[in-house]
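J.: Next comes the structure file final17.cif, holding mmCIF, C-alpha atoms and all ligand atoms.
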```cif
data_target
#
loop_
_atom_site.label_atom_id
_atom_site.label_comp_id
_atom_site.auth_asym_id
_atom_site.auth_seq_id
_atom_site.Cartn_x
_atom_site.Cartn_y
_atom_site.Cartn_z
CA MET A 1417 38.94 115.09 95.24
CA ASP A 1418 35.39 115.01 96.60
CA LEU A 1419 34.26 118.66 96.79
CA PRO A 1420 30.93 118.02 98.58
CA HIS A 1421 32.84 116.04 101.23
CA LEU A 1422 35.35 118.88 101.68
CA TYR A 1423 32.46 121.37 101.88
CA ARG A 1424 30.78 119.27 104.54
CA GLN A 1425 33.95 119.08 106.62
CA MET A 1426 34.57 122.83 106.41
CA LEU A 1427 31.00 123.50 107.42
CA ARG A 1428 31.17 121.03 110.33
CA ALA A 1429 34.30 122.79 111.62
CA ARG A 1430 32.70 126.23 111.35
CA ALA A 1431 29.36 125.17 112.84
CA TYR A 1432 31.12 123.45 115.75
CA GLU A 1433 33.12 126.60 116.50
CA LEU A 1434 30.05 128.83 116.26
CA ALA A 1435 28.41 126.55 118.83
CA VAL A 1436 31.50 126.84 121.05
CA GLU A 1437 31.36 130.62 120.69
CA ASP A 1438 27.72 130.58 121.75
CA LEU A 1439 28.48 128.43 124.80
CA TRP A 1440 31.38 130.72 125.71
CA ASN A 1441 29.21 133.84 125.33
CA HIS A 1442 26.63 132.28 127.64
CA GLY A 1443 29.24 131.55 130.30
CA PHE A 1444 29.24 127.74 129.99
CA ILE A 1445 32.94 127.73 129.02
CA SER A 1446 35.44 129.70 131.05
CA GLY A 1447 38.89 130.99 130.20
CA GLU A 1448 40.42 132.00 126.90
CA MET A 1449 38.95 130.55 123.75
CA HIS A 1450 40.97 130.48 120.53
CA LEU A 1451 38.88 129.74 117.46
CA GLY A 1452 40.22 128.61 114.10
CA THR A 1453 37.48 130.36 112.11
CA GLY A 1454 39.02 131.15 108.71
CA GLU A 1455 41.28 128.08 108.75
CA GLU A 1456 38.66 125.51 107.69
CA ALA A 1457 39.94 125.10 104.13
CA VAL A 1458 43.36 124.13 105.47
CA ALA A 1459 41.92 121.70 108.02
CA ALA A 1460 39.64 120.03 105.47
CA GLY A 1461 42.18 120.04 102.62
CA VAL A 1462 44.79 118.27 104.75
CA VAL A 1463 43.04 116.22 107.42
CA THR A 1464 40.55 114.48 105.09
CA GLN A 1465 43.64 112.74 103.64
CA LEU A 1466 44.66 111.11 106.92
CA GLY A 1467 43.79 107.57 107.87
CA ASP A 1468 44.26 104.95 110.57
CA GLY A 1469 47.66 105.16 112.24
CA ASP A 1470 48.48 108.67 111.03
CA GLY A 1471 49.43 111.07 113.83
CA LEU A 1472 48.22 114.64 114.15
CA ALA A 1473 49.73 117.30 116.41
CA LEU A 1474 47.93 120.61 116.77
CA THR A 1475 48.06 124.02 118.43
CA HIS A 1476 45.79 126.15 120.64
CA ARG A 1477 43.66 126.71 117.51
CA CYS A 1478 42.90 123.02 117.17
CA SER A 1479 39.13 122.58 116.77
CA PRO A 1480 38.77 122.61 112.95
CA ALA A 1481 41.34 119.82 112.47
CA LEU A 1482 39.92 117.68 115.31
CA VAL A 1483 36.38 118.02 113.96
CA VAL A 1484 37.51 117.02 110.46
CA ARG A 1485 39.54 114.12 111.90
CA GLY A 1486 36.31 112.70 113.31
CA VAL A 1487 36.95 113.13 117.02
CA PRO A 1488 33.49 112.80 118.62
CA LEU A 1489 31.93 116.21 119.13
CA ALA A 1490 29.93 115.81 122.34
CA PRO A 1491 32.95 114.57 124.41
CA MET A 1492 35.00 117.49 123.03
CA LEU A 1493 32.28 119.92 124.10
CA ARG A 1494 32.02 118.18 127.50
CA GLU A 1495 35.76 118.71 127.88
CA LEU A 1496 35.35 122.45 127.30
CA LEU A 1497 32.62 122.47 129.96
CA GLY A 1498 35.11 120.89 132.40
CA ALA A 1499 33.03 117.71 132.79
CA GLU A 1500 34.63 114.52 134.12
CA ASP A 1501 33.33 112.56 131.12
CA GLY A 1502 34.89 115.07 128.73
CA LEU A 1503 37.46 113.87 126.17
CA CYS A 1504 40.31 114.34 128.68
CA GLY A 1505 38.42 114.07 131.95
CA GLY A 1506 37.61 117.78 131.95
CA ARG A 1507 41.18 118.69 132.86
CA GLY A 1508 42.64 119.54 129.45
CA GLY A 1509 40.36 122.35 128.34
CA HIS A 1510 40.32 123.48 124.72
CA MET A 1511 44.11 123.73 124.37
CA HIS A 1512 45.14 120.31 125.68
CA LEU A 1513 42.94 117.81 123.94
CA PHE A 1514 44.09 114.28 123.19
CA SER A 1515 42.38 111.45 121.38
CA LYS A 1516 44.31 108.20 121.61
CA GLU A 1517 42.02 106.57 119.08
CA HIS A 1518 42.87 109.23 116.48
CA LEU A 1519 46.51 109.74 117.54
CA ALA A 1520 45.64 113.42 117.82
CA ALA A 1521 47.31 115.67 120.38
CA THR A 1522 47.08 119.40 120.95
CA SER A 1523 49.15 121.79 123.04
CA GLY A 1524 48.92 125.40 124.17
CA ILE A 1525 52.72 125.59 124.24
CA VAL A 1526 53.56 127.52 121.10
CA GLY A 1527 55.86 125.41 118.89
CA ALA A 1528 55.17 122.11 120.69
CA SER A 1529 53.16 120.61 117.83
CA LEU A 1530 56.35 120.20 115.76
CA PRO A 1531 58.37 117.92 118.08
CA THR A 1532 55.15 116.09 119.03
CA ALA A 1533 54.44 115.31 115.39
CA ALA A 1534 58.08 114.35 114.86
CA GLY A 1535 57.61 111.81 117.66
CA PHE A 1536 54.49 110.41 115.99
CA ALA A 1537 56.40 110.30 112.69
CA LEU A 1538 59.40 108.52 114.23
CA ALA A 1539 57.11 105.94 115.85
CA ASN A 1540 55.27 105.40 112.59
CA SER A 1541 58.50 104.97 110.62
CA ARG A 1542 59.39 102.07 112.97
CA LEU A 1543 55.98 100.58 113.75
CA ARG A 1544 53.67 101.33 110.83
CA PRO A 1545 55.52 101.92 107.54
CA GLY A 1546 53.27 103.97 105.25
CA ALA A 1547 51.66 105.85 108.11
CA ILE A 1548 52.72 109.47 108.56
CA ALA A 1549 52.36 112.39 110.96
CA VAL A 1550 51.14 115.91 110.35
CA ALA A 1551 51.99 118.96 112.45
CA PHE A 1552 49.82 122.07 112.28
CA THR A 1553 51.64 125.14 113.49
CA GLY A 1554 51.14 128.90 113.47
CA ALA A 1555 53.65 131.09 111.63
CA GLY A 1556 54.63 132.79 114.91
CA ALA A 1557 55.63 129.41 116.36
CA MET A 1558 58.18 128.90 113.57
CA ASN A 1559 60.50 131.26 115.47
CA GLN A 1560 60.64 128.91 118.47
CA GLY A 1561 63.88 126.97 118.90
CA MET A 1562 62.10 123.60 119.09
CA ALA A 1563 60.46 124.27 115.70
CA LEU A 1564 63.86 124.78 114.07
CA GLU A 1565 65.29 121.72 115.83
CA THR A 1566 62.39 119.71 114.44
CA LEU A 1567 63.03 120.89 110.87
CA ASN A 1568 66.62 119.75 111.27
CA LEU A 1569 65.97 116.32 112.77
CA ALA A 1570 63.04 115.59 110.46
CA VAL A 1571 65.38 115.95 107.48
CA ALA A 1572 68.33 114.19 109.14
CA TRP A 1573 66.12 111.20 110.07
CA ARG A 1574 64.00 111.39 106.87
CA LEU A 1575 60.83 111.36 108.95
CA PRO A 1576 57.38 110.80 107.36
CA LEU A 1577 56.30 114.25 108.51
CA VAL A 1578 54.26 116.99 106.87
CA ILE A 1579 54.35 120.41 108.54
CA ILE A 1580 51.38 122.64 107.80
CA CYS A 1581 52.23 126.19 108.80
CA ILE A 1582 49.26 128.56 108.95
CA ASP A 1583 50.09 132.21 108.47
CA ASN A 1584 47.08 134.28 109.54
CA GLY A 1585 49.18 137.44 109.59
CA TRP A 1586 49.33 137.73 113.38
CA ALA A 1587 50.75 136.26 116.58
CA ILE A 1588 48.41 137.73 119.22
CA THR A 1589 48.96 141.48 118.57
CA THR A 1590 52.28 141.12 116.73
CA THR A 1591 52.18 141.09 112.95
CA SER A 1592 53.99 138.12 111.37
CA ASP A 1593 56.23 140.27 109.20
CA SER A 1594 57.52 142.27 112.19
CA VAL A 1595 59.06 139.26 113.94
CA THR A 1596 60.01 136.83 111.18
CA GLY A 1597 63.25 137.21 109.26
CA GLY A 1598 63.26 136.08 105.64
CA SER A 1599 60.79 133.65 104.13
CA LEU A 1600 59.54 130.59 106.06
CA VAL A 1601 59.45 128.53 102.88
CA GLU A 1602 63.09 129.32 102.17
CA ARG A 1603 63.90 128.63 105.81
CA ALA A 1604 62.45 125.11 105.51
CA GLN A 1605 64.25 124.63 102.18
CA GLY A 1606 67.46 125.70 103.90
CA PHE A 1607 67.13 122.64 106.12
CA GLY A 1608 66.79 120.50 102.98
CA MET A 1609 63.03 120.12 103.04
CA ARG A 1610 60.54 120.32 100.18
CA ALA A 1611 58.50 123.46 100.85
CA GLU A 1612 55.86 125.54 99.11
CA THR A 1613 53.16 128.14 99.68
CA VAL A 1614 49.44 127.67 99.12
CA ASN A 1615 46.36 129.88 99.32
CA GLY A 1616 44.80 128.59 102.53
CA ARG A 1617 41.38 130.01 101.63
CA ASP A 1618 41.13 127.64 98.65
CA VAL A 1619 40.30 124.12 99.77
CA ARG A 1620 41.01 122.55 96.38
CA ALA A 1621 44.46 124.15 96.19
CA VAL A 1622 45.26 123.03 99.75
CA TYR A 1623 44.06 119.49 99.01
CA LYS A 1624 46.29 119.22 95.91
CA ALA A 1625 49.39 120.68 97.56
CA ALA A 1626 48.97 118.52 100.67
CA ALA A 1627 48.31 115.38 98.59
CA LYS A 1628 51.77 115.63 97.01
CA GLN A 1629 53.50 116.11 100.35
CA ILE A 1630 51.52 113.37 102.10
CA GLU A 1631 52.30 110.95 99.26
CA ARG A 1632 56.03 111.72 99.52
CA ALA A 1633 55.95 111.09 103.27
CA ARG A 1634 54.03 107.81 102.85
CA CYS A 1635 56.59 106.60 100.29
CA GLY A 1636 59.52 107.26 102.62
CA LYS A 1637 60.75 110.33 100.68
CA GLY A 1638 60.98 112.44 103.82
CA PRO A 1639 59.41 115.53 105.36
CA SER A 1640 57.93 118.62 103.78
CA PHE A 1641 56.56 122.02 104.69
CA LEU A 1642 53.43 123.76 103.44
CA LEU A 1643 52.84 127.43 104.22
CA ALA A 1644 49.13 128.21 104.03
CA THR A 1645 47.98 131.82 104.21
CA CYS A 1646 44.51 132.44 105.59
CA PRO A 1647 42.51 134.91 107.66
CA ARG A 1648 42.10 135.06 111.45
CA LEU A 1649 38.41 135.93 111.50
CA ASP A 1650 37.75 136.15 115.24
CA GLY A 1651 40.94 137.66 116.55
CA HIS A 1652 43.47 135.95 118.78
CA PHE A 1653 40.75 134.81 121.17
CA LEU A 1654 37.07 135.48 121.71
CA GLY A 1655 36.66 139.00 123.02
CA ASP A 1656 39.95 140.11 121.40
CA PRO A 1657 40.13 143.90 121.95
CA LEU A 1658 41.63 144.42 118.48
CA ILE A 1659 38.61 142.79 116.86
CA ARG A 1660 36.20 144.70 119.09
CA MET A 1661 37.95 147.87 118.01
CA ALA A 1662 37.80 146.82 114.36
CA ASN A 1663 34.06 146.09 114.59
CA LYS A 1664 32.99 149.08 116.69
CA PRO A 1665 35.73 151.70 116.42
CA ILE A 1666 33.82 154.54 118.07
CA ALA A 1667 32.25 152.71 121.03
CA GLU A 1668 35.37 150.67 121.79
CA GLY A 1669 37.77 153.52 120.99
CA LYS A 1670 36.21 155.70 123.67
CA LYS A 1671 36.91 153.05 126.33
CA VAL A 1672 40.57 152.63 125.33
CA PHE A 1673 41.53 156.20 124.56
CA GLY A 1674 40.44 157.63 127.91
CA SER A 1675 42.90 155.49 129.84
CA VAL A 1676 45.63 155.79 127.21
CA LEU A 1677 45.44 159.59 127.22
CA SER A 1678 45.48 159.76 131.01
CA SER A 1679 48.60 157.56 131.04
CA VAL A 1680 50.30 159.96 128.60
CA VAL A 1681 49.62 163.05 130.70
CA SER A 1682 50.11 161.44 134.12
CA ARG A 1683 53.38 161.85 136.03
CA GLY A 1684 56.05 159.16 136.33
CA GLY A 1685 56.98 156.34 133.96
CA GLY A 1686 58.94 156.94 130.76
CA GLY A 1687 59.54 160.28 129.06
CA LEU A 1688 56.70 162.04 127.25
CA ALA A 1689 58.21 161.25 123.83
CA ASP A 1690 58.33 157.51 124.66
CA ARG A 1691 54.75 157.50 125.91
CA ALA A 1692 53.50 159.42 122.89
CA GLY A 1693 55.46 156.96 120.69
CA GLY A 1694 53.65 154.09 122.43
CA VAL A 1695 50.28 155.64 121.61
CA THR A 1696 51.22 156.08 117.94
CA GLN A 1697 52.36 152.47 117.79
CA MET A 1698 49.13 151.29 119.39
CA MET A 1699 47.04 153.29 116.94
CA SER A 1700 48.90 151.85 113.99
CA VAL A 1701 48.30 148.26 115.24
CA MET A 1702 44.60 149.03 115.69
CA ALA A 1703 44.34 150.58 112.23
CA LYS A 1704 46.01 147.52 110.76
CA ALA A 1705 43.59 145.21 112.63
CA ARG A 1706 40.68 147.21 111.29
CA ARG A 1707 41.92 147.09 107.70
CA SER A 1708 42.71 143.38 107.78
CA GLY A 1709 39.48 142.56 109.67
CA THR A 1710 37.37 144.10 106.91
CA ARG A 1711 39.40 142.49 104.14
CA GLU A 1712 39.35 139.09 105.81
CA ARG A 1713 35.58 138.93 106.30
CA ARG A 1714 35.26 139.33 102.54
CA GLY A 1715 37.74 136.49 102.01
CA ASP A 1716 36.02 134.00 104.33
CA PRO A 1717 36.90 130.53 102.94
CA ILE A 1718 33.43 129.23 103.77
CA LEU A 1719 31.89 131.81 101.42
CA ALA A 1720 34.32 130.76 98.69
CA VAL A 1721 33.51 127.08 98.98
CA TYR A 1722 29.78 127.82 99.27
CA LYS A 1723 29.97 129.48 95.84
CA THR A 1724 31.91 126.58 94.33
CA MET A 1725 28.99 124.37 95.41
CA ASN A 1726 26.49 126.44 93.34
CA LYS A 1727 26.43 123.68 90.75
CA HIS A 1728 25.35 121.17 93.37
CA GLU A 1729 22.66 123.28 95.02
CA ALA A 1730 20.39 120.47 96.17
CA GLU A 1731 23.31 118.54 97.64
CA ARG A 1732 24.59 121.70 99.33
CA ASP A 1733 21.20 122.30 100.96
CA ARG A 1734 21.13 118.72 102.18
CA ILE A 1735 24.65 119.02 103.64
CA ASP A 1736 23.75 122.34 105.32
CA ALA A 1737 20.73 120.75 107.01
CA GLU A 1738 22.62 117.60 108.05
CA VAL A 1739 25.51 119.56 109.54
CA ALA A 1740 23.15 121.87 111.44
CA ALA A 1741 21.33 118.84 112.87
CA GLU A 1742 24.61 117.10 113.80
CA ILE A 1743 25.92 120.12 115.71
CA GLU A 1744 22.59 120.76 117.40
CA ALA A 1745 22.49 117.14 118.59
CA ALA A 1746 26.09 117.33 119.88
CA VAL A 1747 25.35 120.50 121.85
CA ALA A 1748 22.15 119.00 123.28
CA GLU A 1749 24.05 115.85 124.30
CA ALA A 1750 26.85 117.91 125.88
CA LEU A 1751 24.43 120.08 127.82
CA ALA A 1752 22.05 117.26 128.81
CA ASP A 1753 22.82 117.33 132.53
CA VAL A 1754 24.02 120.91 132.85
CA GLY A 1755 22.19 122.57 135.72
CA GLU A 1756 21.25 119.23 137.31
CA GLY A 1757 21.84 119.20 141.02
CA SER A 1758 22.41 122.93 141.15
CA ASP A 1759 19.44 123.36 143.48
CA GLY A 1760 20.16 120.28 145.54
C1 LIG A 1801 55.99 128.82 124.56
C2 LIG A 1801 54.88 129.85 124.53
N1 LIG A 1801 55.18 131.16 124.40
C3 LIG A 1801 54.19 132.08 124.35
C4 LIG A 1801 52.87 131.68 124.44
C5 LIG A 1801 51.76 132.72 124.38
N2 LIG A 1801 51.09 132.65 123.06
C6 LIG A 1801 49.94 131.98 122.91
S1 LIG A 1801 49.43 132.00 121.31
C7 LIG A 1801 50.72 132.94 120.84
C8 LIG A 1801 50.88 133.39 119.40
C9 LIG A 1801 51.09 132.27 118.48
O1 LIG A 1801 51.13 132.77 117.17
P1 LIG A 1801 51.08 131.78 115.95
O2 LIG A 1801 52.04 130.65 116.17
O3 LIG A 1801 51.26 132.57 114.72
O4 LIG A 1801 49.62 131.15 116.03
P2 LIG A 1801 48.20 131.87 115.90
O5 LIG A 1801 47.78 132.28 117.29
O6 LIG A 1801 48.34 133.02 114.97
O7 LIG A 1801 47.30 130.80 115.37
C10 LIG A 1801 51.58 133.21 121.90
C11 LIG A 1801 52.81 133.99 121.81
C12 LIG A 1801 52.61 130.31 124.60
N3 LIG A 1801 51.36 129.84 124.67
N4 LIG A 1801 53.62 129.40 124.59
#
```
What do you get writing this file as structure tokens?
T.:
Amino acid sequence: MDLPHLYRQMLRARAYELAVEDLWNHGFISGEMHLGTGEEAVAAGVVTQLGDGDGLALTHRCSPALVVRGVPLAPMLRELLGAEDGLCGGRGGHMHLFSKEHLAATSGIVGASLPTAAGFALANSRLRPGAIAVAFTGAGAMNQGMALETLNLAVAWRLPLVIICIDNGWAITTTSDSVTGGSLVERAQGFGMRAETVNGRDVRAVYKAAAKQIERARCGKGPSFLLATCPRLDGHFLGDPLIRMANKPIAEGKKVFGSVLSSVVSRGGGGLADRAGGVTQMMSVMAKARRSGTRERRGDPILAVYKTMNKHEAERDRIDAEVAAEIEAAVAEALADVGEGSDG
């Protein structure tokens, strides 16, 4: 395991997403933007172990894994800008990216990464023995029917598939534990799959756990499931009201509570008890977001890996500078012609 390499990949993923956030804040990118900040240890720990011919199917939170996989950054950014020379002709946006060269596909349809990866795995089992496929999925998506069908067929067909399930505690504003029955690891085991849990903030732990599962898949020993717990640092999407509330409870609270209170006292709609119950429920979700937001910032996986690099301080400084320069160059390349022709 090459820790400086893993550190570099985590940093590249974070720096890329911070650049995306900046572009979004400045209005260059329109629409929803789901960042994977907090998931970098999982992306680096798994994706650095993939090679030529391995397939990768991802979700709406796909940037960290694509960056680590080596998909060129400027075309990805051009795609988010809607440019014709973007990775997918400017029509895919951030949720529907595809790189044929890297056999990497993403989808905004929750749960779709599992059957997609199963398809990659089936193709590899016939065409490229030894090559595998990896599906990244959110924990919320594991309640989709197609996810369960994939667990079943992957075992029945002994597919070379590794499923990496990221549990960041939430599915939009729904907490994972309020919609998922039982344990996801035991669910995967129930289908006959090897399955375990790993701390998704710890890149070395993820690397080791994924290495075992990837090796099994490469040797034809069938699919496995890795549940990685990690934080969702920037909310469901940029501008997430729960995160705004967590960061600035008084300023944001004023905006929300005015309209909520007027809906409680206004006429029509459900009974008063129901409406008051809705307010209580909303306050408890916001309080939970605030508590987990504070806790999660402290558990940022980038901070953890930064500390583990204390022993290699000079190398760490060099990597920091190289990554900053790489991202700056990619942004400059992506924005090179932005604004051209606007006055013509
Ligand atoms: C089939 C489908 N249903 C609902 C949605 C709306 N949606 C987008 S993201 C999301 C939550 C997904 O939660 P999870 O799988 O845990 O991933 P996370 O967002 O936490 O990374 C939902 C319900 C969708 N995109 N696709």
J.: Just the number, please: distance in Å from CA of Asp1656 (chain A) to CA of Trp1586 (chain A), one decimal.
T.: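 Here the two named atoms are 12.6 Å from each other.
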J.: In terms of the shortest atom-to-atom distance over all atoms listed in the file, which of A:Gly1616, A:Phe1607, A:Phe1641, A:Lys1704 is closest to Lys1628 (chain A)?
T.: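 Distance minimum relative to Lys1628 (chain A) lands on A:Phe1641.
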J.: Distance limit 9 Å, reference ligand LIG 1801 (chain A), atoms considered: all atoms listed in the file. Which residues make the cut? Give them as a PyMOL selection string.
T.: chain A and resi 1450-1452+1475-1477+1523-1528+1553-1560+1581-1592+1648+1651-1653
J.: Could you pull the residues within 9 Å of Pro1531 (chain A), counting all atoms listed in the file, minus those fewer than 5 positions along the same chain, as an MDAnalysis selection string?
T.: chainID A and resid 1473 1536 1551 1562:1563 1565:1566
J.: Take the residues from that selection and write them out as a JSON list (two decimals), keeping the file's coordinate frame, keeping C-alpha atoms.
T.:
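Saved the output as part.json:
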```
[["chain", "number", "residue", "atom", "x", "y", "z"],
["A", 1473, "ALA", "CA", 49.73, 117.30, 116.41],
["A", 1536, "PHE", "CA", 54.49, 110.41, 115.99],
["A", 1551, "ALA", "CA", 51.99, 118.96, 112.45],
["A", 1562, "MET", "CA", 62.10, 123.60, 119.09],
["A", 1563, "ALA", "CA", 60.46, 124.27, 115.70],
["A", 1565, "GLU", "CA", 65.29, 121.72, 115.83],
["A", 1566, "THR", "CA", 62.39, 119.71, 114.44]]
```
J.: Compile the contact shell of Pro1491 (chain A) as a VMD selection string: residues with an atom at most 8 Å away, counting only C-alpha atoms, same-chain residues fewer than 2 positions apart removed.
T.: chain A and resid 1488 to 1489 1493 to 1495 1501 to 1503 1750
J.: Calculated over all atoms listed in the file, which of the candidates A:Ala1625, A:Ala1692, A:Val1601, A:Ala1703 has the smallest distance to Gly1461 (chain A)?
T.: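 Among the listed residues, A:Ala1625 lies closest to Gly1461 (chain A).
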J.: From the options A:Pro1639, A:Gly1447, A:Gly1598, A:Gly1606, which residue's atoms come nearest to Ile1580 (chain A), counting only C-alpha atoms?
T.: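 Ranked by minimum distance to Ile1580 (chain A), first place goes to A:Pro1639.
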J.: Measuring between all atoms listed in the file, which one of A:Val1487, A:Leu1496, A:Asp1418, A:Pro1717 shows the shortest distance to Ser1515 (chain A)?
T.: A:Val1487
J.: Using CA of Val1672 (chain A) and CA of Pro1657 (chain A) as the two end points, give the distance in Å to one decimal.
T.: 9.4 Å
J.: Take CA of Ala1748 (chain A) and CA of Arg1734 (chain A) and report the distance between them in Å, one decimal.
T.: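 If I compute the distance from CA of Ala1748 (chain A) to CA of Arg1734 (chain A), I get 21.1 Å.
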J.: If you count all atoms listed in the file, which residues fall within 12 Å of region 1468-1472 of chain A, apart from same-chain ones fewer than 2 positions away, as a PyMOL selection string?
T.: chain A and resi 1459+1462-1466+1474-1475+1478+1481-1482+1484-1487+1513-1523+1529-1541+1543-1553+1576-1580+1630+1633-1634
J.: Could you write those residues out with C-alpha atoms, as a compact mmCIF listing (two decimals), in the coordinates of the input?
T.:
```
# COMPACT_ATOMS: atom_id res chain seq x y z
CA ALA A 1459 41.92 121.70 108.02
CA VAL A 1462 44.79 118.27 104.75
CA VAL A 1463 43.04 116.22 107.42
CA THR A 1464 40.55 114.48 105.09
CA GLN A 1465 43.64 112.74 103.64
CA LEU A 1466 44.66 111.11 106.92
CA LEU A 1474 47.93 120.61 116.77
CA THR A 1475 48.06 124.02 118.43
CA CYS A 1478 42.90 123.02 117.17
CA ALA A 1481 41.34 119.82 112.47
CA LEU A 1482 39.92 117.68 115.31
CA VAL A 1484 37.51 117.02 110.46
CA ARG A 1485 39.54 114.12 111.90
CA GLY A 1486 36.31 112.70 113.31
CA VAL A 1487 36.95 113.13 117.02
CA LEU A 1513 42.94 117.81 123.94
CA PHE A 1514 44.09 114.28 123.19
CA SER A 1515 42.38 111.45 121.38
CA LYS A 1516 44.31 108.20 121.61
CA GLU A 1517 42.02 106.57 119.08
CA HIS A 1518 42.87 109.23 116.48
CA LEU A 1519 46.51 109.74 117.54
CA ALA A 1520 45.64 113.42 117.82
CA ALA A 1521 47.31 115.67 120.38
CA THR A 1522 47.08 119.40 120.95
CA SER A 1523 49.15 121.79 123.04
CA SER A 1529 53.16 120.61 117.83
CA LEU A 1530 56.35 120.20 115.76
CA PRO A 1531 58.37 117.92 118.08
CA THR A 1532 55.15 116.09 119.03
CA ALA A 1533 54.44 115.31 115.39
CA ALA A 1534 58.08 114.35 114.86
CA GLY A 1535 57.61 111.81 117.66
CA PHE A 1536 54.49 110.41 115.99
CA ALA A 1537 56.40 110.30 112.69
CA LEU A 1538 59.40 108.52 114.23
CA ALA A 1539 57.11 105.94 115.85
CA ASN A 1540 55.27 105.40 112.59
CA SER A 1541 58.50 104.97 110.62
CA LEU A 1543 55.98 100.58 113.75
CA ARG A 1544 53.67 101.33 110.83
CA PRO A 1545 55.52 101.92 107.54
CA GLY A 1546 53.27 103.97 105.25
CA ALA A 1547 51.66 105.85 108.11
CA ILE A 1548 52.72 109.47 108.56
CA ALA A 1549 52.36 112.39 110.96
CA VAL A 1550 51.14 115.91 110.35
CA ALA A 1551 51.99 118.96 112.45
CA PHE A 1552 49.82 122.07 112.28
CA THR A 1553 51.64 125.14 113.49
CA PRO A 1576 57.38 110.80 107.36
CA LEU A 1577 56.30 114.25 108.51
CA VAL A 1578 54.26 116.99 106.87
CA ILE A 1579 54.35 120.41 108.54
CA ILE A 1580 51.38 122.64 107.80
CA ILE A 1630 51.52 113.37 102.10
CA ALA A 1633 55.95 111.09 103.27
CA ARG A 1634 54.03 107.81 102.85
```
J.: Given the choices A:Glu1433, A:Glu1668, A:Glu1612, A:Glu1631, which gets closest to Thr1645 (chain A) if the distance is worked out from all atoms listed in the file?
T.: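 Checking each candidate against Thr1645 (chain A), we get A:Glu1612 as the closest.
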J.: Taking into account all atoms listed in the file, which residue in the set A:His1728, A:Arg1617, A:Lys1670, A:Arg1691 is nearest to Glu1455 (chain A)?
T.: A:Arg1617
